[in-house]
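File shown: protein-v6.pdb. Contents: PDB, C-alpha atoms, pLDDT in the B column.
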ATOM      1  CA  MET A   1     133.433  74.816-127.217  1.00 42.00           C
ATOM      2  CA  ASP A   2     130.302  75.787-125.329  1.00 45.00           C
ATOM      3  CA  LYS A   3     130.726  77.003-121.822  1.00 45.00           C
ATOM      4  CA  VAL A   4     129.116  74.944-119.118  1.00 43.00           C
ATOM      5  CA  GLN A   5     126.526  77.047-117.367  1.00 44.00           C
ATOM      6  CA  LYS A   6     126.511  76.846-113.618  1.00 44.00           C
ATOM      7  CA  ALA A   7     123.269  76.136-111.819  1.00 40.00           C
ATOM      8  CA  PRO A   8     121.856  79.186-110.066  1.00 40.00           C
ATOM      9  CA  ALA A   9     122.535  79.356-106.365  1.00 39.00           C
ATOM     10  CA  PRO A  10     119.551  78.586-104.174  1.00 40.00           C
ATOM     11  CA  THR A  11     117.681  81.610-102.936  1.00 42.00           C
ATOM     12  CA  MET A  12     117.905  82.278 -99.229  1.00 41.00           C
ATOM     13  CA  ARG A  13     114.517  81.585 -97.703  1.00 50.00           C
ATOM     14  CA  HIS A  14     114.531  82.502 -94.060  1.00 56.00           C
ATOM     15  CA  ILE A  15     111.623  81.050 -92.102  1.00 73.00           C
ATOM     16  CA  ARG A  16     109.699  83.648 -90.143  1.00 77.00           C
ATOM     17  CA  ARG A  17     110.013  83.479 -86.368  1.00 76.00           C
ATOM     18  CA  TRP A  18     107.717  86.330 -85.342  1.00 81.00           C
ATOM     19  CA  PRO A  19     104.341  84.535 -85.911  1.00 85.00           C
ATOM     20  CA  ALA A  20     105.321  81.876 -83.350  1.00 84.00           C
ATOM     21  CA  SER A  21     106.516  84.536 -80.904  1.00 83.00           C
ATOM     22  CA  LEU A  22     103.284  86.491 -81.342  1.00 87.00           C
ATOM     23  CA  ALA A  23     101.195  83.378 -80.692  1.00 87.00           C
ATOM     24  CA  VAL A  24     103.139  82.615 -77.509  1.00 87.00           C
ATOM     25  CA  CYS A  25     102.697  86.207 -76.301  1.00 88.00           C
ATOM     26  CA  ALA A  26      98.939  85.929 -76.854  1.00 87.00           C
ATOM     27  CA  ALA A  27      98.831  82.680 -74.858  1.00 87.00           C
ATOM     28  CA  LEU A  28     100.868  84.209 -72.025  1.00 87.00           C
ATOM     29  CA  ILE A  29      98.617  87.273 -71.859  1.00 87.00           C
ATOM     30  CA  LEU A  30      95.605  84.991 -71.509  1.00 85.00           C
ATOM     31  CA  GLN A  31      97.160  83.416 -68.411  1.00 84.00           C
ATOM     32  CA  VAL A  32      96.501  86.678 -66.567  1.00 84.00           C
ATOM     33  CA  ILE A  33      92.724  86.137 -66.743  1.00 83.00           C
ATOM     34  CA  VAL A  34      92.790  82.518 -65.514  1.00 85.00           C
ATOM     35  CA  PRO A  35      90.199  82.401 -62.705  1.00 84.00           C
ATOM     36  CA  THR A  36      91.784  81.903 -59.296  1.00 82.00           C
ATOM     37  CA  GLN A  37      89.164  79.229 -58.554  1.00 83.00           C
ATOM     38  CA  ILE A  38      90.844  76.820 -60.991  1.00 82.00           C
ATOM     39  CA  ASN A  39      94.464  77.950 -60.656  1.00 83.00           C
ATOM     40  CA  VAL A  40      96.494  76.434 -57.835  1.00 80.00           C
ATOM     41  CA  LEU A  41      99.633  78.190 -59.122  1.00 78.00           C
ATOM     42  CA  PRO A  42     100.595  81.825 -58.428  1.00 81.00           C
ATOM     43  CA  GLN A  43      98.974  84.063 -61.049  1.00 79.00           C
ATOM     44  CA  TRP A  44     102.306  85.557 -62.098  1.00 82.00           C
ATOM     45  CA  LEU A  45     104.242  82.279 -62.362  1.00 82.00           C
ATOM     46  CA  LEU A  46     103.396  81.070 -65.873  1.00 82.00           C
ATOM     47  CA  PRO A  47     103.513  84.498 -67.626  1.00 84.00           C
ATOM     48  CA  SER A  48     106.863  85.267 -65.981  1.00 84.00           C
ATOM     49  CA  LEU A  49     108.375  81.854 -66.730  1.00 86.00           C
ATOM     50  CA  GLY A  50     107.050  81.883 -70.291  1.00 84.00           C
ATOM     51  CA  LEU A  51     108.437  85.365 -70.913  1.00 86.00           C
ATOM     52  CA  LEU A  52     111.796  84.337 -69.463  1.00 88.00           C
ATOM     53  CA  LEU A  53     111.983  81.412 -71.913  1.00 84.00           C
ATOM     54  CA  LEU A  54     110.715  83.476 -74.842  1.00 85.00           C
ATOM     55  CA  LEU A  55     113.265  86.287 -74.494  1.00 84.00           C
ATOM     56  CA  PRO A  56     116.340  84.331 -75.720  1.00 82.00           C
ATOM     57  CA  LEU A  57     114.341  82.909 -78.631  1.00 80.00           C
ATOM     58  CA  VAL A  58     113.276  86.380 -79.769  1.00 80.00           C
ATOM     59  CA  GLY A  59     116.660  87.905 -78.982  1.00 75.00           C
ATOM     60  CA  MET A  60     118.567  85.418 -81.147  1.00 73.00           C
ATOM     61  CA  ASN A  61     116.041  85.365 -84.007  1.00 73.00           C
ATOM     62  CA  PRO A  62     113.637  88.303 -83.649  1.00 69.00           C
ATOM     63  CA  PHE A  63     111.937  88.111 -87.050  1.00 72.00           C
ATOM     64  CA  HIS A  64     113.468  85.262 -89.051  1.00 68.00           C
ATOM     65  CA  LEU A  65     115.300  82.060 -88.149  1.00 71.00           C
ATOM     66  CA  SER A  66     118.836  82.983 -89.179  1.00 71.00           C
ATOM     67  CA  ARG A  67     120.997  81.999 -86.183  1.00 69.00           C
ATOM     68  CA  ASP A  68     121.005  78.263 -85.599  1.00 68.00           C
ATOM     69  CA  GLU A  69     121.924  77.278 -82.038  1.00 72.00           C
ATOM     70  CA  PRO A  70     121.040  73.759 -80.785  1.00 75.00           C
ATOM     71  CA  TRP A  71     120.231  75.042 -77.277  1.00 76.00           C
ATOM     72  CA  LEU A  72     117.556  77.363 -78.674  1.00 79.00           C
ATOM     73  CA  ARG A  73     115.471  74.395 -79.773  1.00 79.00           C
ATOM     74  CA  TRP A  74     115.624  72.943 -76.271  1.00 84.00           C
ATOM     75  CA  VAL A  75     114.496  76.284 -74.842  1.00 86.00           C
ATOM     76  CA  ALA A  76     111.553  76.256 -77.256  1.00 85.00           C
ATOM     77  CA  LEU A  77     110.622  72.698 -76.264  1.00 86.00           C
ATOM     78  CA  VAL A  78     110.825  73.575 -72.558  1.00 89.00           C
ATOM     79  CA  LEU A  79     108.533  76.544 -73.232  1.00 88.00           C
ATOM     80  CA  VAL A  80     106.026  74.233 -74.916  1.00 88.00           C
ATOM     81  CA  GLY A  81     106.279  71.781 -72.024  1.00 88.00           C
ATOM     82  CA  VAL A  82     105.572  74.559 -69.519  1.00 88.00           C
ATOM     83  CA  LEU A  83     102.493  75.687 -71.467  1.00 88.00           C
ATOM     84  CA  VAL A  84     101.135  72.143 -71.797  1.00 88.00           C
ATOM     85  CA  LEU A  85     101.790  71.279 -68.140  1.00 87.00           C
ATOM     86  CA  ALA A  86     100.164  74.468 -66.879  1.00 86.00           C
ATOM     87  CA  ASN A  87      97.220  73.874 -69.192  1.00 88.00           C
ATOM     88  CA  ALA A  88      96.791  70.382 -67.757  1.00 87.00           C
ATOM     89  CA  VAL A  89      96.725  71.901 -64.255  1.00 87.00           C
ATOM     90  CA  TYR A  90      94.059  74.391 -65.371  1.00 88.00           C
ATOM     91  CA  LEU A  91      91.960  71.645 -66.947  1.00 87.00           C
ATOM     92  CA  GLY A  92      92.177  69.521 -63.825  1.00 86.00           C
ATOM     93  CA  GLY A  93      91.244  72.518 -61.687  1.00 85.00           C
ATOM     94  CA  LEU A  94      88.327  73.354 -63.953  1.00 84.00           C
ATOM     95  CA  ILE A  95      86.929  69.823 -63.843  1.00 82.00           C
ATOM     96  CA  TYR A  96      87.352  69.742 -60.046  1.00 82.00           C
ATOM     97  CA  PHE A  97      85.587  73.106 -59.762  1.00 81.00           C
ATOM     98  CA  LEU A  98      82.789  71.804 -61.952  1.00 78.00           C
ATOM     99  CA  ASN A  99      82.206  68.836 -59.659  1.00 76.00           C
ATOM    100  CA  HIS A 100      82.910  70.371 -56.244  1.00 74.00           C
ATOM    101  CA  GLY A 101      82.581  74.137 -56.567  1.00 61.00           C
ATOM    102  CA  ALA A 102      79.889  76.562 -57.536  1.00 61.00           C
ATOM    103  CA  ALA A 103      79.060  74.939 -60.850  1.00 62.00           C
ATOM    104  CA  ASN A 104      76.580  77.686 -61.647  1.00 66.00           C
ATOM    105  CA  ASN A 105      79.340  80.296 -61.929  1.00 69.00           C
ATOM    106  CA  GLY A 106      79.352  80.657 -65.713  1.00 71.00           C
ATOM    107  CA  ASP A 107      81.989  83.401 -65.713  1.00 76.00           C
ATOM    108  CA  VAL A 108      84.620  81.092 -64.220  1.00 79.00           C
ATOM    109  CA  LEU A 109      83.713  78.247 -66.558  1.00 80.00           C
ATOM    110  CA  VAL A 110      83.775  80.351 -69.728  1.00 80.00           C
ATOM    111  CA  LYS A 111      87.050  82.147 -68.888  1.00 83.00           C
ATOM    112  CA  GLY A 112      88.708  78.891 -67.910  1.00 85.00           C
ATOM    113  CA  ALA A 113      87.516  77.087 -71.047  1.00 85.00           C
ATOM    114  CA  VAL A 114      88.719  79.900 -73.343  1.00 87.00           C
ATOM    115  CA  VAL A 115      92.187  80.068 -71.781  1.00 88.00           C
ATOM    116  CA  ILE A 116      92.620  76.282 -71.843  1.00 90.00           C
ATOM    117  CA  TRP A 117      91.427  75.889 -75.434  1.00 91.00           C
ATOM    118  CA  VAL A 118      93.507  78.742 -76.887  1.00 91.00           C
ATOM    119  CA  THR A 119      96.626  77.709 -74.953  1.00 90.00           C
ATOM    120  CA  ASN A 120      96.080  74.155 -76.171  1.00 92.00           C
ATOM    121  CA  VAL A 121      96.031  75.286 -79.802  1.00 93.00           C
ATOM    122  CA  VAL A 122      99.117  77.529 -79.482  1.00 91.00           C
ATOM    123  CA  ALA A 123     101.220  75.064 -77.471  1.00 90.00           C
ATOM    124  CA  PHE A 124     100.657  72.135 -79.821  1.00 93.00           C
ATOM    125  CA  ALA A 125     101.173  74.322 -82.904  1.00 92.00           C
ATOM    126  CA  ILE A 126     104.645  75.181 -81.615  1.00 90.00           C
ATOM    127  CA  TRP A 127     105.230  71.541 -80.735  1.00 90.00           C
ATOM    128  CA  TYR A 128     104.405  70.409 -84.285  1.00 92.00           C
ATOM    129  CA  TRP A 129     106.557  73.221 -85.675  1.00 89.00           C
ATOM    130  CA  GLU A 130     109.542  72.204 -83.562  1.00 86.00           C
ATOM    131  CA  ILE A 131     109.494  68.429 -84.162  1.00 87.00           C
ATOM    132  CA  ASP A 132     108.426  68.051 -87.805  1.00 89.00           C
ATOM    133  CA  ARG A 133     111.468  66.838 -89.767  1.00 85.00           C
ATOM    134  CA  GLY A 134     113.834  67.935 -87.021  1.00 80.00           C
ATOM    135  CA  GLY A 135     112.579  71.482 -86.591  1.00 79.00           C
ATOM    136  CA  PRO A 136     112.397  74.680 -88.677  1.00 81.00           C
ATOM    137  CA  PHE A 137     116.154  74.963 -89.139  1.00 76.00           C
ATOM    138  CA  ALA A 138     116.408  71.404 -90.470  1.00 76.00           C
ATOM    139  CA  ARG A 139     113.558  72.046 -92.918  1.00 77.00           C
ATOM    140  CA  ALA A 140     115.120  75.219 -94.348  1.00 70.00           C
ATOM    141  CA  PRO A 141     117.360  74.418 -97.361  1.00 65.00           C
ATOM    142  CA  GLU A 142     119.890  77.169 -96.562  1.00 59.00           C
ATOM    143  CA  HIS A 143     120.864  75.579 -93.238  1.00 55.00           C
ATOM    144  CA  GLU A 144     123.197  72.600 -93.124  1.00 54.00           C
ATOM    145  CA  ARG A 145     121.162  70.387 -90.809  1.00 53.00           C
ATOM    146  CA  LYS A 146     120.219  66.761 -91.304  1.00 58.00           C
ATOM    147  CA  VAL A 147     116.544  66.503 -92.160  1.00 58.00           C
ATOM    148  CA  GLU A 148     114.693  63.823 -90.220  1.00 66.00           C
ATOM    149  CA  ARG A 149     111.751  61.855 -91.586  1.00 80.00           C
ATOM    150  CA  VAL A 150     108.484  63.659 -92.216  1.00 86.00           C
ATOM    151  CA  ASP A 151     106.152  63.830 -89.202  1.00 89.00           C
ATOM    152  CA  LEU A 152     103.299  65.717 -90.866  1.00 90.00           C
ATOM    153  CA  LEU A 153     102.340  65.199 -94.501  1.00 88.00           C
ATOM    154  CA  PHE A 154     100.992  68.458 -95.910  1.00 90.00           C
ATOM    155  CA  PRO A 155      98.943  68.375 -99.142  1.00 87.00           C
ATOM    156  CA  GLN A 156     101.493  70.643-100.842  1.00 84.00           C
ATOM    157  CA  LEU A 157     104.108  67.900-100.417  1.00 80.00           C
ATOM    158  CA  THR A 158     102.001  65.271-102.175  1.00 80.00           C
ATOM    159  CA  VAL A 159     101.187  67.066-105.437  1.00 78.00           C
ATOM    160  CA  ASP A 160     103.185  68.675-108.228  1.00 77.00           C
ATOM    161  CA  LEU A 161     101.583  72.051-108.846  1.00 74.00           C
ATOM    162  CA  PRO A 162     103.135  75.083-110.557  1.00 77.00           C
ATOM    163  CA  GLY A 163     104.323  77.601-108.006  1.00 74.00           C
ATOM    164  CA  TRP A 164     104.517  75.090-105.136  1.00 75.00           C
ATOM    165  CA  GLU A 165     107.736  73.279-106.076  1.00 74.00           C
ATOM    166  CA  ARG A 166     109.855  74.792-103.285  1.00 76.00           C
ATOM    167  CA  TRP A 167     107.104  75.247-100.730  1.00 79.00           C
ATOM    168  CA  LEU A 168     108.008  75.011 -97.058  1.00 81.00           C
ATOM    169  CA  PRO A 169     105.521  74.901 -94.178  1.00 86.00           C
ATOM    170  CA  GLY A 170     105.632  77.921 -91.882  1.00 86.00           C
ATOM    171  CA  PHE A 171     104.278  78.424 -88.402  1.00 88.00           C
ATOM    172  CA  THR A 172     100.880  79.469 -89.776  1.00 90.00           C
ATOM    173  CA  ASP A 173     100.534  76.056 -91.420  1.00 91.00           C
ATOM    174  CA  TYR A 174     101.248  74.269 -88.138  1.00 93.00           C
ATOM    175  CA  LEU A 175      98.861  76.609 -86.329  1.00 92.00           C
ATOM    176  CA  PHE A 176      96.148  75.601 -88.802  1.00 93.00           C
ATOM    177  CA  VAL A 177      96.917  71.909 -88.192  1.00 93.00           C
ATOM    178  CA  SER A 178      96.637  72.494 -84.449  1.00 93.00           C
ATOM    179  CA  LEU A 179      93.425  74.498 -84.825  1.00 93.00           C
ATOM    180  CA  THR A 180      91.706  71.853 -86.929  1.00 92.00           C
ATOM    181  CA  ALA A 181      92.843  69.057 -84.606  1.00 91.00           C
ATOM    182  CA  ALA A 182      91.420  70.947 -81.617  1.00 90.00           C
ATOM    183  CA  THR A 183      88.168  71.663 -83.474  1.00 89.00           C
ATOM    184  CA  ALA A 184      87.520  68.402 -85.321  1.00 86.00           C
ATOM    185  CA  PHE A 185      89.252  66.178 -82.702  1.00 83.00           C
ATOM    186  CA  SER A 186      91.097  64.490 -85.585  1.00 82.00           C
ATOM    187  CA  PRO A 187      93.465  65.325 -88.471  1.00 83.00           C
ATOM    188  CA  THR A 188      91.909  67.013 -91.491  1.00 83.00           C
ATOM    189  CA  ASP A 189      93.989  67.823 -94.582  1.00 84.00           C
ATOM    190  CA  THR A 190      97.403  67.151 -92.995  1.00 89.00           C
ATOM    191  CA  MET A 191      98.156  63.606 -91.883  1.00 90.00           C
ATOM    192  CA  PRO A 192     100.335  62.626 -88.891  1.00 90.00           C
ATOM    193  CA  LEU A 193     102.798  59.929 -89.979  1.00 90.00           C
ATOM    194  CA  THR A 194     104.991  59.189 -86.969  1.00 91.00           C
ATOM    195  CA  ALA A 195     103.986  57.690 -83.638  1.00 91.00           C
ATOM    196  CA  ARG A 196     105.087  60.779 -81.715  1.00 91.00           C
ATOM    197  CA  THR A 197     102.952  63.089 -83.843  1.00 91.00           C
ATOM    198  CA  LYS A 198      99.942  60.800 -83.562  1.00 92.00           C
ATOM    199  CA  THR A 199     100.412  60.743 -79.794  1.00 93.00           C
ATOM    200  CA  LEU A 200     100.608  64.536 -79.635  1.00 92.00           C
ATOM    201  CA  MET A 201      97.568  65.015 -81.846  1.00 92.00           C
ATOM    202  CA  GLY A 202      95.609  62.460 -79.841  1.00 92.00           C
ATOM    203  CA  ALA A 203      96.487  64.219 -76.569  1.00 91.00           C
ATOM    204  CA  GLN A 204      95.556  67.597 -78.028  1.00 91.00           C
ATOM    205  CA  SER A 205      92.208  66.301 -79.292  1.00 90.00           C
ATOM    206  CA  LEU A 206      91.462  64.759 -75.884  1.00 90.00           C
ATOM    207  CA  ILE A 207      92.199  68.044 -74.068  1.00 90.00           C
ATOM    208  CA  SER A 208      90.016  69.936 -76.522  1.00 89.00           C
ATOM    209  CA  LEU A 209      87.212  67.400 -76.219  1.00 89.00           C
ATOM    210  CA  LEU A 210      87.210  67.601 -72.412  1.00 86.00           C
ATOM    211  CA  THR A 211      87.242  71.383 -72.525  1.00 86.00           C
ATOM    212  CA  ILE A 212      84.458  71.795 -75.074  1.00 82.00           C
ATOM    213  CA  ALA A 213      82.189  68.818 -74.454  1.00 76.00           C
ATOM    214  CA  VAL A 214      82.330  68.783 -70.658  1.00 71.00           C
ATOM    215  CA  VAL A 215      83.183  72.271 -69.414  1.00 71.00           C
ATOM    216  CA  ALA A 216      81.932  74.618 -72.117  1.00 63.00           C
ATOM    217  CA  ALA A 217      78.667  72.696 -72.513  1.00 66.00           C
ATOM    218  CA  ARG A 218      78.011  73.079 -68.789  1.00 71.00           C
ATOM    219  CA  ALA A 219      78.826  76.786 -68.961  1.00 61.00           C
ATOM    220  CA  VAL A 220      76.330  77.313 -71.786  1.00 64.00           C
ATOM    221  CA  ASN A 221      73.626  75.583 -69.755  1.00 67.00           C
ATOM    222  CA  VAL A 222      74.387  77.809 -66.772  1.00 62.00           C
ATOM    223  CA  LEU A 223      74.277  81.000 -68.814  1.00 59.00           C
TER     224      LEU A 223
END
As structure tokens, how would this structure be written, given the file I've shared?
Amino acid sequence: MDKVQKAPAPTMRHIRRWPASLAVCAALILQVIVPTQINVLPQWLLPSLGLLLLLPLVGMNPFHLSRDEPWLRWVALVLVGVLVLANAVYLGGLIYFLNHGAANNGDVLVKGAVVIWVTNVVAFAIWYWEIDRGGPFARAPEHERKVERVDLLFPQLTVDLPGWERWLPGFTDYLFVSLTAATAFSPTDTMPLTARTKTLMGAQSLISLLTIAVVAARAVNVL
């Protein structure tokens, strides 16, 4: 009688955490050069608060997502909310400065536009990463978490190609989605499916459009 062969156990595939942490660090460092003319908040507030929220995320999962704690996801979402809220304050301050301040100060306009645009890309990349199908832990097959419905439809999930059967999106993929949305003001190769993702992508595109079309264009004319 032939022996029944057991199916091979699934390979552990830890999702990398460090690219997201590195992107957040880059965004926090940029907050130091925010011109005081557009920043009504203390210069140290956002970098300090962001670092305080980032520390437990890095401490629990420094390189890979291996320790699943529900409160960590809430910390990550609060961090994203802080970045987005501060960015909205900067954008409002920049538009006010453009209309009421020394609009010929190209240095302030360029620095402000760069910080706002980069922070916009990083913050929404983390937001997409944290909500798509319930978050990175829910997407990973080795973690026993209920997977929610797909928020972002990547091309790799729609085709059957050799070598892509067990593909999982990482933070770099969500960063690319955020970058293209901020550049093209619309989705490109990855489609938003849910209302919440469409709302987020629409808000991100609007922030990027205001920053580039209104502020950066004026700065180029000044310079």
The PyMOL selection byres ((chain A and resi 155-164) around 12) resolved against shown file, as a PyMOL selection string: chain A and resi 150+152-154+165-169+173+177+188-192
Emit the selected residues as a PDB file, in the coordinates of the input, including C-alpha atoms.
ATOM      1  CA  VAL A 150     108.484  63.659 -92.216  1.00 86.00           C
ATOM      2  CA  LEU A 152     103.299  65.717 -90.866  1.00 90.00           C
ATOM      3  CA  LEU A 153     102.340  65.199 -94.501  1.00 88.00           C
ATOM      4  CA  PHE A 154     100.992  68.458 -95.910  1.00 90.00           C
ATOM      5  CA  GLU A 165     107.736  73.279-106.076  1.00 74.00           C
ATOM      6  CA  ARG A 166     109.855  74.792-103.285  1.00 76.00           C
ATOM      7  CA  TRP A 167     107.104  75.247-100.730  1.00 79.00           C
ATOM      8  CA  LEU A 168     108.008  75.011 -97.058  1.00 81.00           C
ATOM      9  CA  PRO A 169     105.521  74.901 -94.178  1.00 86.00           C
ATOM     10  CA  ASP A 173     100.534  76.056 -91.420  1.00 91.00           C
ATOM     11  CA  VAL A 177      96.917  71.909 -88.192  1.00 93.00           C
ATOM     12  CA  THR A 188      91.909  67.013 -91.491  1.00 83.00           C
ATOM     13  CA  ASP A 189      93.989  67.823 -94.582  1.00 84.00           C
ATOM     14  CA  THR A 190      97.403  67.151 -92.995  1.00 89.00           C
ATOM     15  CA  MET A 191      98.156  63.606 -91.883  1.00 90.00           C
ATOM     16  CA  PRO A 192     100.335  62.626 -88.891  1.00 90.00           C
TER      17      PRO A 192
END
Among listed residues A:Gly50, A:Gly112, A:Gly135, A:Gly106, nearest Ile33 in chain A (using only C-alpha atoms): A:Gly112
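Of the residues listed (A:Ala88, A:Ala113, A:Leu175, A:Leu193), A:Leu175 shows the shortest atom-to-atom separation from Ile126 in chain A; distances use only C-alpha atoms.
Run against this file, the PyMOL selection byres ((chain A and resi 90) around 9) gives back Val34, Ile38, Asn39, Val40, Leu85, Ala86, Asn87, Ala88, Val89, Leu91, Gly92, Gly93, Leu94, Ile95, Gly112, Val115 and Ile116 of chain A.
Atom pair CA of Pro136 in chain A / CA of Leu52 in chain A has a distance of 21.5 Å (rounded to one decimal).
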Residues matched by the PyMOL selection byres ((chain A and resi 80-82) around 9), written as a VMD selection string: chain A and resid 46 49 to 50 75 to 79 83 to 87 122 to 124 126 to 127
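If you look at CA of Thr197 in chain A and CA of Ala184 in chain A, they are 16.4 Å away from each other.
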Non-local contacts of Val32 in chain A (9 Å; only C-alpha atoms; under 3 positions in same chain excluded) as a PyMOL selection string: chain A and resi 28-29+35+43-44+46-47
Can you write out the residues you just picked, keeping C-alpha atoms, as a PDB file, in the frame of the given file?
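Listed below is the output, result.pdb:
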ATOM      1  CA  LEU A  28     100.868  84.209 -72.025  1.00 87.00           C
ATOM      2  CA  ILE A  29      98.617  87.273 -71.859  1.00 87.00           C
ATOM      3  CA  PRO A  35      90.199  82.401 -62.705  1.00 84.00           C
ATOM      4  CA  GLN A  43      98.974  84.063 -61.049  1.00 79.00           C
ATOM      5  CA  TRP A  44     102.306  85.557 -62.098  1.00 82.00           C
ATOM      6  CA  LEU A  46     103.396  81.070 -65.873  1.00 82.00           C
ATOM      7  CA  PRO A  47     103.513  84.498 -67.626  1.00 84.00           C
TER       8      PRO A  47
END
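If all atoms listed in the file are the atoms counted, then among A:Val121, A:Cys25, A:Ile212, A:Ala140 the closest residue to Leu200 in chain A is A:Val121.
Separating CA of Gly134 in chain A from CA of Ala195 in chain A is a distance of 14.6 Å.
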Given 3 Å of margin on each side, can you work out the centre and size in Å (one decimal) of an axis-aligned box holding every listed atom of range 185-202 of chain A, as AutoDock Vina command-line options?
--center_x 97.2 --center_y 62.8 --center_z -87.1 --size_x 21.8 --size_y 16.1 --size_z 20.9
Residue contacts of Pro19 in chain A (12 Å, only C-alpha atoms) excluding same-chain residues fewer than 2 positions away, as JSON, numbers by chain: {"A": [15, 16, 17, 21, 22, 23, 24, 25, 26, 58, 61, 62, 63, 64, 65, 122, 125, 126, 129, 170, 171, 172, 173, 174, 175]}
Using only C-alpha atoms, determine which residues lie at most 8 Å from Ser205 in chain A, disregarding the query and same-chain residues fewer than 3 positions distant; provide the list as a JSON list (two decimals) with C-alpha atoms, in the frame of the given file.
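Produced file selection-v1.json, reproduced below:
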[["chain", "number", "residue", "atom", "x", "y", "z"],
["A", 181, "ALA", "CA", 92.84, 69.06, -84.61],
["A", 182, "ALA", "CA", 91.42, 70.95, -81.62],
["A", 183, "THR", "CA", 88.17, 71.66, -83.47],
["A", 184, "ALA", "CA", 87.52, 68.40, -85.32],
["A", 185, "PHE", "CA", 89.25, 66.18, -82.70],
["A", 186, "SER", "CA", 91.10, 64.49, -85.58],
["A", 201, "MET", "CA", 97.57, 65.02, -81.85],
["A", 202, "GLY", "CA", 95.61, 62.46, -79.84],
["A", 208, "SER", "CA", 90.02, 69.94, -76.52],
["A", 209, "LEU", "CA", 87.21, 67.40, -76.22]]
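The closest residue to Thr194 in chain A, picked from A:Val108, A:Leu98, A:Val214, A:Arg149 and counting only C-alpha atoms, is A:Arg149.
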Counting all atoms listed in the file, the residue of A:Thr119, A:Val110, A:Leu54, A:Ile131 that sits nearest Leu179 in chain A: A:Thr119
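Taking all atoms listed in the file into account, Trp74 in chain A lies nearest to A:Glu130 out of the set A:Gln37, A:Glu130, A:Ala213, A:Thr180.
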